[in-house]
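Some notes on the structure that comes next.
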Amino acid sequence: MIDVSAWVTHATREPSEDFLRAFDRRWRDGIAVAANEACAPLADPLRSFVIAHVDRAAHKRRWRCVFILPGAAHDHTHGFTPMSDLVTGDLFGPQVLEVLHCGDASALATALELAKSDPHVLAVPVLTERQFADVDVFDSHSASLLRPEYHGVVLPFMYAPLDEPFEETVEREDLLRASGFGTYTIDVDFTAEEPALIHRNVAILLEDLCDEISSNKADAAARVLLSAPLWPLVTLRAPETWDPDRHFSADDAALSDAPARRELP
């Protein structure tokens, strides 16, 4: 049985307007900096967006996050977390961004294995429906592999196009639910809405999901779960330039050969 005191809820939920403006600048600046460095996945808008938002939600809870990225491991550092730049004078000091490169293996399967080996980790992969349903690795993508009373947590993010047909949405959600995931879909379109509103909506969604994770952990520790919980999975509907399939090669050169991959709408 794990110590559930590490998985706690938090009272403060909605970020301020000033913070959201600074958050948006930090996210955009981070993409520009990563575009000139050796870790190409950090320059992808979707992955950098996920990292920034998960780091914000996890930071105040002091949860330990590990982000799963494609490609080979390398010697250079990934720098500090976004919140280390945004929260000055933090009692705990700046935190190094923890990344696990999974090569050409499944990011979700890698995250699940990591969570099974570390009861205190929040493992965060980014993937597409095609990657999730790949017949070669599909059996390793079930959330039923996790025991909330003994294992850590996986919080996956799945890309979907903004204009996907409704039927495809239903089919995907049925597939994910059968695999033990409860799905939450949110649109990220900076051409249609103000950045602060988009960031606020995603931030509030993550507050809800972190509280759900905390409840799953507490209920498991109290032995009041009647069945395995559905673990949250976020579907981000975003522009085509955010599609992780465009960056899924484990070859670093292939990951960085298309400038459009780093474009923001």
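As shown in the structure tokens, the chain order sets the letters A, B, ...; within each chain, residues go from 1, and ligands are also counted from 1 in the order they appear.
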As a list in words, list the residues of range 49-112 of chain A assigned to helix (DSSP H, G or I) by DSSP on the backbone atoms of this structure.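 Listing helix (DSSP H, G or I) positions across range 49-112 of chain A yields Phe49, Val50, Ile51, Ala52, His53, Val54, Asp55, Arg56, Ala57, Ala58, His59, Pro82, Met83, Ser84, Asp85, Leu86, Ala107, Leu108, Ala109, Thr110, Ala111 and Leu112 of chain A.
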Can you write out as a Markdown table which residues of range 127-176 of chain A fall within 9 Å of range 229-238 of chain A, alongside each residue's closest atom pair and its distance in Å to one decimal, counting only C-alpha atoms and ordering rows by chain and ascending residue number?
```
| residue | atom | partner | partner_atom | distance |
| --- | --- | --- | --- | --- |
| A:Ala143 | CA | A:Trp231 | CA | 6.8 |
| A:Ser144 | CA | A:Pro229 | CA | 8.4 |
| A:Pro148 | CA | A:Pro229 | CA | 8.2 |
| A:Val153 | CA | A:Trp231 | CA | 8.4 |
| A:Val154 | CA | A:Trp231 | CA | 7.9 |
| A:Leu155 | CA | A:Leu233 | CA | 5.9 |
| A:Pro156 | CA | A:Leu233 | CA | 5.1 |
| A:Phe157 | CA | A:Val234 | CA | 4.8 |
| A:Met158 | CA | A:Thr235 | CA | 4.7 |
| A:Tyr159 | CA | A:Leu236 | CA | 5.2 |
| A:Ala160 | CA | A:Arg237 | CA | 4.6 |
| A:Pro161 | CA | A:Arg237 | CA | 5.1 |
| A:Leu162 | CA | A:Arg237 | CA | 4.8 |
| A:Asp163 | CA | A:Arg237 | CA | 8.2 |
| A:Glu164 | CA | A:Arg237 | CA | 8.4 |
| A:Leu176 | CA | A:Leu233 | CA | 8.5 |
```
How close does range 68-101 of chain A get to range 44-57 of chain A? List, as a Markdown table, each residue of range 68-101 of chain A within 8 Å, its nearest atom pair and the distance in Å to one decimal, counting only C-alpha atoms.
```
| residue | atom | partner | partner_atom | distance |
| --- | --- | --- | --- | --- |
| A:Thr81 | CA | A:Asp55 | CA | 7.0 |
| A:Pro82 | CA | A:Ala52 | CA | 5.8 |
| A:Met83 | CA | A:Arg56 | CA | 6.1 |
```
For Ala107 in chain A, find every residue with an atom within 7 Å (counting only C-alpha atoms), except residues of its own chain fewer than 5 positions away, and show them as a list in words. Ile68, Leu69, Cys102, Pro125 and Val126 of chain A
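Distance-wise, CA of Val66 in chain A and CA of Glu98 in chain A end up 5.0 Å apart.
The space between CA of Trp27 in chain A and CA of Ile198 in chain A spans 12.9 Å.
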A straight line from CA of Phe166 in chain A to CA of Arg246 in chain A spans 23.2 Å
